[in-house]
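Below you'll find the structure, written out as structure tokens, and then a few comments.
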Amino acid sequence: KKQEFDLLMTIGQCGWMANIPLSLTKKIKDDYKYARVLLTSIPVIYSSLSERLRSKDKIIELAVANGISNYDFVDYNHWFNNQLEEIEYFSKFFSVKLKNSETFAEALINNVYFQGVIYYFGDKLPNREEWIKKALIHKPFELQYAKDVIKDNYELVQLAVESDGYALKYASARLQMDKGLIEIAMKTYPHIVFHLNEEVQNNEEYLDMATEALIKYAKEDRIIINRDGIKYKGDEH
């Protein structure tokens, strides 16, 4: 076991671990102690562990805390019709106890690869609203996976929009029309109006606001406007 463990650590630390052959972990894939150590350096090894270990809350939490993605829980050939269906599917891997754990909530928020963070917060998670706020500040696009009651909550939507204006796209239809939120969104994403509902897109006041914001960005050399459209420097929208 020790030799196999050392080999795995060496391979992982060298960055050669996109996929770990099951045969390579045959002797240690059901060893809890070795699994915990390996997951801190090579989180993708989670998919090669035994079914018994993969179902343990501590193992899952450790994997998430160290950067595992949603897709490491399932076969890559699994087909989903939309993102929400994906999020709902992954939810079944997390126990009620885990969903209501603050350490798990922290791990989800800090994991840049994990989607559906808010969706996985349990109803009995201590300080649940504060965790939701923290998630929306650090990962504003998580608003798209939130329940309608959150998407229509002005305070929560504002937190997401202040972090990234594009997040307003995922707010309720009512809040997409809110002038104050649109103005906040334009500070980081001037042409957000073109991603909102038709009523907003056809509103002359909002269009004028978007034009002024884009001109300001252009003068500050923060965007590039050409035949391909508008591109924000240092941004992937």
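All residue names refer to the structure tokens as shown: chains lettered A, B, ... in order, residues numbered from 1 in each chain, ligands numbered from 1 in order.
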- [ ] Determine, counting only C-alpha atoms, which protein, DNA and RNA residues have an atom within 12 Å of an atom of segment 148-161 of chain A; residues of the same chain fewer than 6 positions away are not included. Present the result as number ranges by chain.
- [x] A: 118-119, 129-142, 167-189, 192
- [ ] Write down as a PyMOL selection string the residues of segment 93-232 of chain A whose backbone DSSP state falls under alpha helix (DSSP H).
- [x] chain A and resi 96-99+102-110+128-138+148-151+154-163+173-176+179-186+198-201+204-219
